[in-house]
file coords-v7.cif (mmCIF, C-alpha atoms)
data_structure
#
loop_
_atom_site.label_atom_id
_atom_site.label_comp_id
_atom_site.auth_asym_id
_atom_site.auth_seq_id
_atom_site.Cartn_x
_atom_site.Cartn_y
_atom_site.Cartn_z
CA SER K 796 -2.94 -39.03 -0.56
CA ARG K 797 -6.64 -38.20 -0.14
CA SER K 798 -5.83 -35.67 2.57
CA GLN K 799 -3.51 -33.71 0.28
CA PRO K 800 -6.27 -31.49 -1.26
CA VAL K 801 -7.62 -30.79 2.23
CA ARG K 802 -4.18 -29.84 3.59
CA SER K 803 -3.62 -27.56 0.61
CA PHE K 804 -6.50 -25.38 1.84
CA VAL K 805 -4.52 -24.45 4.95
CA ASP K 806 -1.01 -24.43 3.46
CA LEU K 807 0.36 -20.92 4.05
CA GLY K 808 3.31 -21.68 1.77
CA GLY K 809 1.21 -22.92 -1.13
CA THR K 810 -0.78 -21.38 -3.95
CA ALA K 811 -4.48 -21.36 -4.80
CA SER K 812 -6.45 -21.05 -8.01
CA ARG K 813 -8.92 -18.26 -8.69
CA LYS K 814 -11.70 -20.86 -8.46
CA ARG K 815 -10.68 -21.73 -4.89
CA GLY K 816 -10.56 -18.03 -4.03
CA TRP K 817 -14.14 -17.44 -5.16
CA PHE K 818 -15.27 -20.66 -3.44
CA VAL K 819 -13.89 -19.59 -0.04
CA PHE K 820 -15.22 -16.06 -0.50
CA GLY K 821 -18.64 -17.58 -1.18
CA LEU K 822 -18.38 -19.60 2.03
CA LEU K 823 -17.65 -16.42 3.96
CA VAL K 824 -20.61 -14.55 2.47
CA LEU K 825 -22.89 -17.55 3.04
CA SER K 826 -21.82 -17.87 6.70
CA LEU K 827 -22.52 -14.17 7.24
CA LEU K 828 -25.98 -14.50 5.68
CA LEU K 829 -26.76 -17.50 7.85
CA GLN K 830 -25.58 -15.61 10.91
CA GLY K 831 -27.90 -12.75 10.03
CA ILE K 832 -30.86 -15.12 9.60
CA LEU K 833 -30.14 -16.82 12.94
CA ALA K 834 -29.78 -13.49 14.73
CA ALA K 835 -33.09 -12.23 13.32
CA ARG K 836 -35.26 -15.35 13.52
CA VAL K 837 -33.74 -17.61 16.17
CA PRO K 838 -31.96 -15.28 18.63
CA GLU K 839 -31.15 -18.12 21.04
CA LEU K 840 -28.99 -19.77 18.33
CA ARG K 841 -27.19 -16.69 17.09
CA ASP K 842 -24.02 -17.47 19.09
CA TRP K 843 -23.71 -20.81 17.24
CA GLY K 844 -23.48 -18.91 13.97
CA LEU K 845 -20.13 -17.44 15.01
CA ALA K 846 -18.25 -20.72 14.46
CA PRO K 847 -18.77 -20.96 10.66
CA VAL K 848 -18.10 -17.23 10.35
CA MET K 849 -14.75 -17.55 12.15
CA VAL K 850 -13.72 -20.69 10.21
CA SER K 851 -14.62 -19.17 6.83
CA ALA K 852 -12.84 -15.92 7.77
CA VAL K 853 -9.62 -17.82 8.59
CA LEU K 854 -9.89 -19.81 5.34
CA PHE K 855 -10.43 -16.55 3.48
CA LEU K 856 -7.21 -15.08 4.89
CA ILE K 857 -5.26 -18.25 3.99
CA VAL K 858 -6.58 -18.31 0.43
CA LEU K 859 -5.66 -14.63 0.06
CA VAL K 860 -2.07 -15.54 0.96
CA GLN K 861 -2.15 -18.42 -1.52
CA ARG K 862 -3.56 -16.22 -4.30
CA LEU K 863 -0.79 -13.67 -3.66
CA HIS K 864 1.78 -16.47 -3.96
CA ALA K 865 0.21 -17.60 -7.23
CA ALA K 866 0.55 -14.04 -8.53
CA GLY K 867 4.21 -13.88 -7.49
CA LYS K 868 3.57 -11.43 -4.65
CA SER K 869 4.46 -11.47 -0.99
CA GLY K 870 1.88 -13.06 1.29
CA TYR K 871 2.46 -10.20 3.73
CA TRP K 872 0.19 -8.08 1.56
CA VAL K 873 -2.67 -10.06 3.07
CA LEU K 874 -2.37 -7.75 6.06
CA PHE K 875 -4.34 -5.24 4.03
CA GLY K 876 -7.12 -7.84 3.88
CA LEU K 877 -7.57 -7.44 7.62
CA VAL K 878 -9.14 -4.03 7.06
CA PRO K 879 -12.21 -5.21 5.11
CA LEU K 880 -12.42 -8.21 7.47
CA LEU K 881 -12.75 -5.77 10.36
CA GLY K 882 -15.70 -4.28 8.52
CA LEU K 883 -17.22 -7.76 8.20
CA ALA K 884 -16.58 -8.28 11.91
CA ALA K 885 -18.55 -5.10 12.58
CA VAL K 886 -21.49 -6.54 10.64
CA VAL K 887 -21.37 -9.73 12.73
CA VAL K 888 -21.16 -7.79 16.00
CA ILE K 889 -24.10 -5.58 15.07
CA LEU K 890 -26.17 -8.59 13.94
CA LEU K 891 -25.60 -10.16 17.35
CA LEU K 892 -27.17 -7.17 19.06
CA PRO K 893 -30.89 -7.11 19.83
CA PRO K 894 -32.87 -5.41 17.02
CA ALA K 895 -33.61 -2.37 19.17
CA GLU K 896 -29.88 -1.72 19.69
CA ARG K 897 -28.58 -2.10 16.14
CA THR K 898 -30.69 0.51 14.37
CA GLY K 899 -29.07 3.64 12.95
CA PRO K 900 -25.63 4.15 11.40
CA SER K 901 -24.24 5.95 14.43
CA HIS K 902 -24.31 3.02 16.81
CA PRO K 903 -21.25 3.19 19.12
CA VAL K 904 -20.16 -0.36 18.18
CA ALA K 905 -20.14 0.54 14.49
CA ARG K 906 -18.20 3.73 15.18
CA ARG K 907 -15.60 1.89 17.27
CA VAL K 908 -15.07 -0.83 14.69
CA ALA K 909 -14.90 1.69 11.85
CA GLY K 910 -12.34 3.73 13.81
CA LEU K 911 -10.32 0.60 14.53
CA ALA K 912 -10.35 -0.38 10.84
CA LEU K 913 -9.22 3.08 9.72
CA GLY K 914 -6.56 3.21 12.43
CA ALA K 915 -5.24 -0.24 11.49
CA TYR K 916 -5.09 0.74 7.81
CA ALA K 917 -3.26 4.00 8.61
CA LEU K 918 -0.78 2.27 10.95
CA LEU K 919 -0.10 -0.51 8.44
CA GLY K 920 0.36 1.93 5.57
CA LEU K 921 2.64 4.22 7.59
CA SER K 922 4.82 1.37 8.86
CA ARG K 923 5.02 -0.05 5.32
CA LEU K 924 6.14 3.35 4.05
CA VAL K 925 8.71 4.05 6.76
CA LEU K 926 9.85 0.85 8.46
CA TRP K 927 9.53 -2.26 6.29
CA GLU K 928 8.76 -3.69 2.90
CA PRO K 929 7.91 -7.26 1.82
CA TYR K 930 9.80 -9.01 -0.98
CA TRP K 931 9.40 -12.26 -2.87
CA ILE K 932 12.47 -14.29 -3.86
CA PRO K 933 12.02 -15.23 -7.56
CA SER K 934 15.42 -16.78 -8.38
CA GLU K 935 18.17 -19.07 -7.08
CA SER K 936 20.80 -16.34 -6.77
CA MET K 937 20.75 -16.24 -2.95
CA GLN K 938 20.64 -19.99 -2.32
CA PRO K 939 21.13 -21.53 0.20
CA THR K 940 20.33 -18.51 2.39
CA LEU K 941 17.09 -17.62 0.57
CA LEU K 942 15.16 -20.14 -1.50
CA VAL K 943 12.92 -19.58 -4.50
CA GLY K 944 9.45 -18.59 -3.31
CA ASP K 945 10.63 -17.31 0.08
CA TYR K 946 8.97 -14.15 1.37
CA VAL K 947 11.01 -11.77 3.47
CA ILE K 948 10.50 -8.43 5.17
CA ALA K 949 13.29 -5.92 4.62
CA ARG K 950 13.85 -3.24 7.21
CA LYS K 951 14.27 0.25 5.82
CA LEU K 952 17.51 1.58 7.29
CA SER K 953 19.84 4.48 6.74
CA PHE K 954 22.39 3.53 4.08
CA ALA K 955 25.08 4.58 6.57
CA SER K 956 24.34 1.40 8.57
CA VAL K 957 25.10 -1.04 5.71
CA GLY K 958 27.98 -3.41 6.54
CA ARG K 959 29.83 -6.34 5.02
CA GLY K 960 27.77 -9.51 5.09
CA ASP K 961 24.41 -7.73 5.16
CA VAL K 962 21.72 -9.00 2.81
CA VAL K 963 20.22 -5.98 1.06
CA VAL K 964 17.50 -5.14 -1.46
CA PHE K 965 17.98 -2.61 -4.26
CA ARG K 966 16.62 -1.77 -7.70
CA HIS K 967 18.58 -2.42 -10.86
CA PRO K 968 19.49 1.03 -12.25
CA VAL K 969 18.41 0.09 -15.80
CA ASN K 970 15.53 -2.39 -15.72
CA GLY K 971 14.13 -1.33 -12.32
CA GLN K 972 13.86 -4.91 -11.05
CA GLU K 973 14.38 -5.57 -7.34
CA TYR K 974 17.55 -7.52 -6.53
CA VAL K 975 18.47 -9.24 -3.25
CA LYS K 976 22.23 -9.71 -2.72
CA ARG K 977 24.89 -9.80 -0.01
CA VAL K 978 27.28 -6.90 0.59
CA ILE K 979 30.90 -8.05 0.15
CA GLY K 980 32.81 -4.81 -0.41
CA LEU K 981 32.41 -1.33 1.14
CA PRO K 982 33.64 2.00 -0.28
CA GLY K 983 37.41 1.85 -0.84
CA ASP K 984 37.59 -1.96 -0.69
CA ARG K 985 39.40 -3.91 -3.41
CA VAL K 986 37.52 -7.02 -4.55
CA GLN K 987 38.65 -9.73 -6.95
CA LEU K 988 37.72 -13.34 -7.62
CA ARG K 989 40.33 -15.97 -8.50
CA GLY K 990 39.14 -19.51 -9.14
CA GLY K 991 35.87 -18.80 -7.34
CA VAL K 992 37.63 -17.50 -4.20
CA VAL K 993 36.94 -13.92 -3.10
CA PHE K 994 39.99 -11.75 -2.42
CA LEU K 995 39.07 -8.75 -0.27
CA ASN K 996 41.80 -6.13 0.01
CA ASP K 997 44.29 -8.72 -1.31
CA GLU K 998 43.36 -11.29 1.36
CA ALA K 999 41.51 -14.49 0.39
CA LEU K 1000 38.26 -15.10 2.26
CA VAL K 1001 38.36 -18.47 3.99
CA GLN K 1002 36.01 -21.05 2.47
CA GLU K 1003 35.35 -24.24 4.45
CA ALA K 1004 33.63 -27.22 2.82
CA ALA K 1005 30.15 -28.00 4.17
CA GLU K 1006 27.35 -30.48 3.48
CA VAL K 1007 26.23 -30.62 -0.16
CA PHE K 1008 23.11 -28.56 -0.93
CA GLU K 1009 20.40 -30.74 -2.49
CA GLU K 1010 16.92 -30.08 -3.87
CA PRO K 1011 14.60 -31.93 -6.29
CA TYR K 1012 15.09 -31.13 -9.96
CA LEU K 1013 11.58 -29.71 -10.31
CA PRO K 1014 10.13 -26.31 -11.35
CA LEU K 1015 10.60 -23.78 -8.56
CA GLY K 1016 8.23 -21.11 -7.30
CA PRO K 1017 5.49 -19.24 -9.18
CA LEU K 1018 7.81 -18.73 -12.17
CA GLN K 1019 8.27 -22.53 -12.44
CA GLN K 1020 11.97 -22.31 -13.38
CA LEU K 1021 14.12 -25.43 -13.20
CA PRO K 1022 17.14 -25.25 -10.86
CA VAL K 1023 20.73 -25.26 -12.15
CA CYS K 1024 22.65 -28.31 -10.92
CA GLU K 1025 26.31 -29.18 -10.45
CA ASN K 1026 25.41 -32.78 -11.38
CA ALA K 1027 23.60 -31.79 -14.59
CA PRO K 1028 21.97 -33.24 -16.55
CA ALA K 1029 19.48 -34.50 -13.98
CA ASP K 1030 16.20 -36.29 -14.53
CA LEU K 1031 12.99 -34.56 -13.51
CA GLY K 1032 12.44 -35.19 -9.81
CA ALA K 1033 16.00 -36.47 -9.27
CA PRO K 1034 18.36 -34.81 -6.74
CA CYS K 1035 19.90 -31.53 -7.93
CA ARG K 1036 23.18 -30.98 -6.09
CA LYS K 1037 25.46 -28.00 -5.53
CA SER K 1038 28.69 -27.84 -3.51
CA ARG K 1039 28.30 -25.78 -0.35
CA MET K 1040 31.03 -23.82 1.44
CA VAL K 1041 31.01 -21.58 4.49
CA GLU K 1042 32.69 -18.26 3.66
CA VAL K 1043 34.16 -16.15 6.48
CA LEU K 1044 34.46 -12.37 6.27
CA PRO K 1045 37.33 -10.46 7.92
CA ASP K 1046 35.19 -9.53 10.94
CA GLY K 1047 34.34 -13.19 11.59
CA ARG K 1048 30.83 -13.13 10.13
CA SER K 1049 30.13 -16.19 8.01
CA HIS K 1050 27.56 -17.31 5.45
CA ALA K 1051 27.05 -20.30 3.16
CA VAL K 1052 27.78 -20.07 -0.57
CA LEU K 1053 27.18 -22.53 -3.41
CA ASN K 1054 29.29 -23.60 -6.37
CA ILE K 1055 27.91 -25.13 -9.57
CA GLU K 1056 30.83 -25.18 -12.01
CA ALA K 1057 34.61 -25.06 -11.71
CA ALA K 1058 35.18 -22.17 -14.10
CA GLY K 1059 32.01 -20.08 -14.07
CA ALA K 1060 31.64 -16.74 -15.81
CA GLY K 1061 32.27 -14.84 -12.57
CA ASP K 1062 34.87 -17.12 -10.98
CA ASP K 1063 37.82 -15.10 -12.30
CA THR K 1064 37.54 -11.32 -12.51
CA GLY K 1065 39.62 -8.21 -12.73
CA LEU K 1066 40.31 -6.07 -9.68
CA PHE K 1067 37.34 -3.94 -8.54
CA THR K 1068 37.87 -0.87 -6.37
CA VAL K 1069 34.57 0.11 -4.78
CA PRO K 1070 33.88 3.84 -5.30
CA GLU K 1071 32.72 6.18 -2.57
CA GLY K 1072 29.00 5.92 -1.79
CA HIS K 1073 28.72 2.45 -3.34
CA VAL K 1074 28.96 -1.21 -2.31
CA PHE K 1075 30.00 -4.41 -4.07
CA VAL K 1076 27.33 -7.11 -3.83
CA MET K 1077 27.24 -10.80 -4.72
CA GLY K 1078 24.68 -13.59 -4.63
CA ASP K 1079 25.41 -16.57 -2.38
CA ASN K 1080 24.79 -18.92 -5.32
CA ARG K 1081 28.01 -17.75 -6.94
CA ASP K 1082 27.64 -19.38 -10.37
CA ASN K 1083 24.00 -18.33 -10.79
CA SER K 1084 23.92 -14.69 -9.77
CA LEU K 1085 23.93 -11.46 -11.75
CA ASP K 1086 25.69 -9.10 -9.36
CA SER K 1087 28.46 -6.49 -9.05
CA ARG K 1088 30.90 -8.73 -10.92
CA PHE K 1089 28.95 -7.83 -14.06
CA PRO K 1090 28.76 -4.18 -15.25
CA LEU K 1091 25.69 -2.43 -16.60
CA ALA K 1092 26.88 -3.08 -20.15
CA ALA K 1093 26.67 -6.85 -19.47
CA GLY K 1094 23.24 -6.61 -17.85
CA GLY K 1095 24.52 -6.63 -14.28
CA PRO K 1096 24.02 -3.92 -11.64
CA GLY K 1097 27.71 -3.04 -11.28
CA PHE K 1098 28.53 -1.14 -8.10
CA VAL K 1099 25.34 -0.43 -6.13
CA PRO K 1100 24.79 3.11 -4.78
CA MET K 1101 24.21 2.97 -1.02
CA ALA K 1102 21.37 5.46 -1.41
CA GLU K 1103 19.45 2.89 -3.50
CA ILE K 1104 19.53 0.21 -0.79
#

call {"tool": "encode", "arguments": {"input": "coords-v7.cif", "output": "structure tokens"}}
result
Amino acid sequence: SRSQPVRSFVDLGGTASRKRGWFVFGLLVLSLLLQGILAARVPELRDWGLAPVMVSAVLFLIVLVQRLHAAGKSGYWVLFGLVPLLGLAAVVVILLLPPAERTGPSHPVARRVAGLALGAYALLGLSRLVLWEPYWIPSESMQPTLLVGDYVIARKLSFASVGRGDVVVFRHPVNGQEYVKRVIGLPGDRVQLRGGVVFLNDEALVQEAAEVFEEPYLPLGPLQQLPVCENAPADLGAPCRKSRMVEVLPDGRSHAVLNIEAAGAGDDTGLFTVPEGHVFVMGDNRDNSLDSRFPLAAGGPGFVPMAEI
């Protein structure tokens, strides 16, 4: 529809081209210049100049999120864009002051805004270092819990608090890539798969049939990879289906898992005994996940050290 291009400008889940980024940045600079001209030459109209400044600033933040998506990065990084925007806000505030009050670099308004910007940057950087970290989901391995292109914030916790059923982030010990998987086995647990069913300490995890998972057979996310379907081959744009089950852990926690093929590469395994200080992880999309079922020699992560989570 004709409104589609307009809606794309405010779509926080979408992507934007470099051309759009420069266009919106130009709008922001132009609105600031106009505000300065109004404040200097027509003081009685200077308050009206705030509206285009605010609109262009919001559009600028949205396009920053979209450009991060296009680059395969988490949109949460746009929070760092708030710091230079605070500086631009200081310019607007000072321009709104009468000429006699905005002279000199040591004006109290400028000092307050500069202090706020530095404090915000320090607080954001410290919390990012200690408390949280954003991640982008590039693959189907955690469907249906996490979809391709999802952005999540992971809390940084002590590895001693990791439990069965937790979704965790860790780095592959060889290639250094970040993986997102679900913890199935803790130290000392015995894990085995038989016909796609997980046996934990010799007891089969209950799997209850649920509604079929369906998505369009179209390129997914910034990497533009096509999904893997149980009903393959599928035409472009046609429904891509996967069987969905609800799997129940021994403590009663449950999560959805997907099945694509009846005898996948990881549907039947040997018996794994999780070593001390490690966990056994699996993706919820069981036939499309490189996880602890596959050792380092096969390209998988093998057992994941708790200290790396």

call {"tool": "closest_atom_pairs", "arguments": {"input": "coords-v7.cif", "of": "stretch 992-1047 of chain K", "to": "stretch 1067-1080 of chain K", "cutoff": "12 Å", "atoms": "only C-alpha atoms", "output": "Markdown table"}}
result
| residue | atom | partner | partner_atom | distance |
| --- | --- | --- | --- | --- |
| K:Val993 | CA | K:Met1077 | CA | 10.3 |
| K:Phe994 | CA | K:Phe1067 | CA | 10.3 |
| K:Leu995 | CA | K:Phe1067 | CA | 9.7 |
| K:Asn996 | CA | K:Thr1068 | CA | 9.2 |
| K:Asp997 | CA | K:Phe1067 | CA | 11.1 |
| K:Phe1008 | CA | K:Asn1080 | CA | 10.7 |
| K:Pro1022 | CA | K:Asn1080 | CA | 11.4 |
| K:Val1023 | CA | K:Asn1080 | CA | 10.2 |
| K:Cys1024 | CA | K:Asn1080 | CA | 11.1 |
| K:Glu1025 | CA | K:Asn1080 | CA | 11.6 |
| K:Lys1037 | CA | K:Asn1080 | CA | 9.1 |
| K:Ser1038 | CA | K:Asn1080 | CA | 9.9 |
| K:Arg1039 | CA | K:Asn1080 | CA | 9.2 |
| K:Met1040 | CA | K:Asp1079 | CA | 9.9 |
| K:Val1041 | CA | K:Asp1079 | CA | 10.2 |
| K:Glu1042 | CA | K:Asp1079 | CA | 9.6 |

call {"tool": "residues_around", "arguments": {"input": "coords-v7.cif", "residues": "K:Ile1104", "least_positions_apart": "3", "cutoff": "9 Å", "atoms": "all atoms listed in the file", "output": "PyMOL selection string"}}
result
chain K and resi 951-954+957+963-966+1099-1101

call {"tool": "atom_distance", "arguments": {"input": "coords-v7.cif", "atom1": "atom CA of K:Glu1009", "atom2": "atom CA of K:Val992"}}
result
21.8 Å

call {"tool": "residues_near_point", "arguments": {"input": "coords-v7.cif", "point": "(36.6, -10.5, -10.4)", "cutoff": "8 Å", "atoms": "only C-alpha atoms", "output": "ChimeraX atom specification"}}
result
/K:986-989,1061-1067,1088

call {"tool": "closest_atom_pairs", "arguments": {"input": "coords-v7.cif", "of": "stretch 956-1050 of chain K", "to": "stretch 941-945 of chain K", "cutoff": "12 Å", "atoms": "all atoms listed in the file", "output": "tab-separated table"}}
result
residue	atom	partner	partner_atom	distance
K:Val962	CA	K:Leu941	CA	10.0
K:Val975	CA	K:Leu941	CA	9.3
K:Lys976	CA	K:Leu941	CA	10.0
K:Arg977	CA	K:Leu941	CA	11.1
K:Phe1008	CA	K:Leu942	CA	11.6
K:Glu1009	CA	K:Leu942	CA	11.9
K:Glu1010	CA	K:Leu942	CA	10.4
K:Leu1013	CA	K:Val943	CA	11.8
K:Pro1014	CA	K:Val943	CA	10.0
K:Leu1015	CA	K:Val943	CA	6.3
K:Gly1016	CA	K:Gly944	CA	4.9
K:Pro1017	CA	K:Gly944	CA	7.1
K:Leu1018	CA	K:Gly944	CA	9.0
K:Gln1019	CA	K:Val943	CA	9.7
K:Gln1020	CA	K:Val943	CA	9.3
K:Leu1021	CA	K:Val943	CA	10.6
K:Pro1022	CA	K:Val943	CA	9.5
K:His1050	CA	K:Leu941	CA	11.6

call {"tool": "write_last_selection", "arguments": {"input": "coords-v7.cif", "atoms": "C-alpha atoms", "output": "mmCIF file, keeping the file's coordinate frame"}}
result
data_model
loop_
_atom_site.group_PDB
_atom_site.id
_atom_site.type_symbol
_atom_site.label_atom_id
_atom_site.label_comp_id
_atom_site.auth_asym_id
_atom_site.auth_seq_id
_atom_site.Cartn_x
_atom_site.Cartn_y
_atom_site.Cartn_z
ATOM 1 C CA VAL K 962 21.720 -9.000 2.810
ATOM 2 C CA VAL K 975 18.470 -9.240 -3.250
ATOM 3 C CA LYS K 976 22.230 -9.710 -2.720
ATOM 4 C CA ARG K 977 24.890 -9.800 -0.010
ATOM 5 C CA PHE K 1008 23.110 -28.560 -0.930
ATOM 6 C CA GLU K 1009 20.400 -30.740 -2.490
ATOM 7 C CA GLU K 1010 16.920 -30.080 -3.870
ATOM 8 C CA LEU K 1013 11.580 -29.710 -10.310
ATOM 9 C CA PRO K 1014 10.130 -26.310 -11.350
ATOM 10 C CA LEU K 1015 10.600 -23.780 -8.560
ATOM 11 C CA GLY K 1016 8.230 -21.110 -7.300
ATOM 12 C CA PRO K 1017 5.490 -19.240 -9.180
ATOM 13 C CA LEU K 1018 7.810 -18.730 -12.170
ATOM 14 C CA GLN K 1019 8.270 -22.530 -12.440
ATOM 15 C CA GLN K 1020 11.970 -22.310 -13.380
ATOM 16 C CA LEU K 1021 14.120 -25.430 -13.200
ATOM 17 C CA PRO K 1022 17.140 -25.250 -10.860
ATOM 18 C CA HIS K 1050 27.560 -17.310 5.450
#

call {"tool": "atom_distance", "arguments": {"input": "coords-v7.cif", "atom1": "atom CA of K:Ala1029", "atom2": "atom CA of K:Tyr1012"}}
result
6.8 Å

call {"tool": "resolve_selection", "arguments": {"input": "coords-v7.cif", "expression": "the PyMOL selection byres ((chain K and resi 807-812) around 8)", "output": "JSON, numbers by chain"}}
result
{"K": [803, 805, 806, 813, 814, 815, 816, 857, 858, 860, 861, 862, 863, 864, 865]}

call {"tool": "write_last_selection", "arguments": {"input": "coords-v7.cif", "atoms": "C-alpha atoms", "output": "PDB file, in the frame of the given file"}}
result
ATOM      1  CA  SER K 803      -3.620 -27.560   0.610  1.00  0.00           C
ATOM      2  CA  VAL K 805      -4.520 -24.450   4.950  1.00  0.00           C
ATOM      3  CA  ASP K 806      -1.010 -24.430   3.460  1.00  0.00           C
ATOM      4  CA  ARG K 813      -8.920 -18.260  -8.690  1.00  0.00           C
ATOM      5  CA  LYS K 814     -11.700 -20.860  -8.460  1.00  0.00           C
ATOM      6  CA  ARG K 815     -10.680 -21.730  -4.890  1.00  0.00           C
ATOM      7  CA  GLY K 816     -10.560 -18.030  -4.030  1.00  0.00           C
ATOM      8  CA  ILE K 857      -5.260 -18.250   3.990  1.00  0.00           C
ATOM      9  CA  VAL K 858      -6.580 -18.310   0.430  1.00  0.00           C
ATOM     10  CA  VAL K 860      -2.070 -15.540   0.960  1.00  0.00           C
ATOM     11  CA  GLN K 861      -2.150 -18.420  -1.520  1.00  0.00           C
ATOM     12  CA  ARG K 862      -3.560 -16.220  -4.300  1.00  0.00           C
ATOM     13  CA  LEU K 863      -0.790 -13.670  -3.660  1.00  0.00           C
ATOM     14  CA  HIS K 864       1.780 -16.470  -3.960  1.00  0.00           C
ATOM     15  CA  ALA K 865       0.210 -17.600  -7.230  1.00  0.00           C
TER      16      ALA K 865
END

call {"tool": "closest_residue", "arguments": {"input": "coords-v7.cif", "among": "K:Val837, K:Ala917, K:Leu911, K:Ala1005", "to": "K:Asn1054", "atoms": "only C-alpha atoms"}}
result
K:Ala1005

call {"tool": "closest_residue", "arguments": {"input": "coords-v7.cif", "among": "K:Pro1090, K:Gln938, K:Trp872, K:Leu827", "to": "K:Ala846", "atoms": "all atoms listed in the file"}}
result
K:Leu827

call {"tool": "atom_distance", "arguments": {"input": "coords-v7.cif", "atom1": "atom CA of K:Leu840", "atom2": "atom CA of K:Leu828"}}
result
14.0 Å

call {"tool": "build_atoms", "arguments": {"input": "coords-v7.cif", "residues": "stretch 1011-1017 of chain K", "atoms": "all heavy atoms", "output": "mmCIF file, in the frame of the given file"}}
result
data_model
loop_
_atom_site.group_PDB
_atom_site.id
_atom_site.type_symbol
_atom_site.label_atom_id
_atom_site.label_comp_id
_atom_site.auth_asym_id
_atom_site.auth_seq_id
_atom_site.Cartn_x
_atom_site.Cartn_y
_atom_site.Cartn_z
ATOM 1 N N PRO K 1011 15.120 -31.161 -5.144
ATOM 2 C CA PRO K 1011 14.600 -31.930 -6.290
ATOM 3 C C PRO K 1011 14.724 -31.114 -7.581
ATOM 4 O O PRO K 1011 14.552 -29.888 -7.570
ATOM 5 C CB PRO K 1011 13.135 -32.183 -5.926
ATOM 6 C CG PRO K 1011 13.020 -31.875 -4.478
ATOM 7 C CD PRO K 1011 14.074 -30.869 -4.164
ATOM 8 N N TYR K 1012 15.035 -31.794 -8.655
ATOM 9 C CA TYR K 1012 15.090 -31.130 -9.960
ATOM 10 C C TYR K 1012 13.656 -31.002 -10.481
ATOM 11 O O TYR K 1012 13.177 -31.810 -11.288
ATOM 12 C CB TYR K 1012 15.959 -31.926 -10.925
ATOM 13 C CG TYR K 1012 16.176 -31.224 -12.256
ATOM 14 C CD1 TYR K 1012 16.889 -30.033 -12.316
ATOM 15 C CD2 TYR K 1012 15.656 -31.751 -13.431
ATOM 16 C CE1 TYR K 1012 17.072 -29.378 -13.524
ATOM 17 C CE2 TYR K 1012 15.850 -31.117 -14.648
ATOM 18 C CZ TYR K 1012 16.555 -29.920 -14.686
ATOM 19 O OH TYR K 1012 16.732 -29.269 -15.888
ATOM 20 N N LEU K 1013 12.975 -29.986 -9.966
ATOM 21 C CA LEU K 1013 11.580 -29.710 -10.310
ATOM 22 C C LEU K 1013 11.413 -28.198 -10.478
ATOM 23 O O LEU K 1013 12.212 -27.410 -9.941
ATOM 24 C CB LEU K 1013 10.653 -30.217 -9.206
ATOM 25 C CG LEU K 1013 10.547 -31.737 -9.017
ATOM 26 C CD1 LEU K 1013 9.774 -32.055 -7.746
ATOM 27 C CD2 LEU K 1013 9.895 -32.389 -10.228
ATOM 28 N N PRO K 1014 10.380 -27.758 -11.210
ATOM 29 C CA PRO K 1014 10.130 -26.310 -11.350
ATOM 30 C C PRO K 1014 9.968 -25.654 -9.988
ATOM 31 O O PRO K 1014 9.293 -26.179 -9.102
ATOM 32 C CB PRO K 1014 8.842 -26.259 -12.172
ATOM 33 C CG PRO K 1014 8.817 -27.539 -12.932
ATOM 34 C CD PRO K 1014 9.438 -28.560 -12.021
ATOM 35 N N LEU K 1015 10.585 -24.476 -9.838
ATOM 36 C CA LEU K 1015 10.600 -23.780 -8.560
ATOM 37 C C LEU K 1015 9.716 -22.545 -8.586
ATOM 38 O O LEU K 1015 9.750 -21.765 -9.540
ATOM 39 C CB LEU K 1015 12.030 -23.355 -8.204
ATOM 40 C CG LEU K 1015 13.075 -24.458 -8.074
ATOM 41 C CD1 LEU K 1015 14.451 -23.845 -7.897
ATOM 42 C CD2 LEU K 1015 12.743 -25.356 -6.901
ATOM 43 N N GLY K 1016 8.954 -22.350 -7.504
ATOM 44 C CA GLY K 1016 8.230 -21.110 -7.300
ATOM 45 C C GLY K 1016 7.180 -20.812 -8.353
ATOM 46 O O GLY K 1016 6.938 -21.587 -9.282
ATOM 47 N N PRO K 1017 6.537 -19.636 -8.227
ATOM 48 C CA PRO K 1017 5.490 -19.240 -9.180
ATOM 49 C C PRO K 1017 5.987 -19.126 -10.611
ATOM 50 O O PRO K 1017 5.217 -19.309 -11.547
ATOM 51 C CB PRO K 1017 5.033 -17.883 -8.634
ATOM 52 C CG PRO K 1017 5.342 -17.931 -7.179
ATOM 53 C CD PRO K 1017 6.623 -18.714 -7.080
#
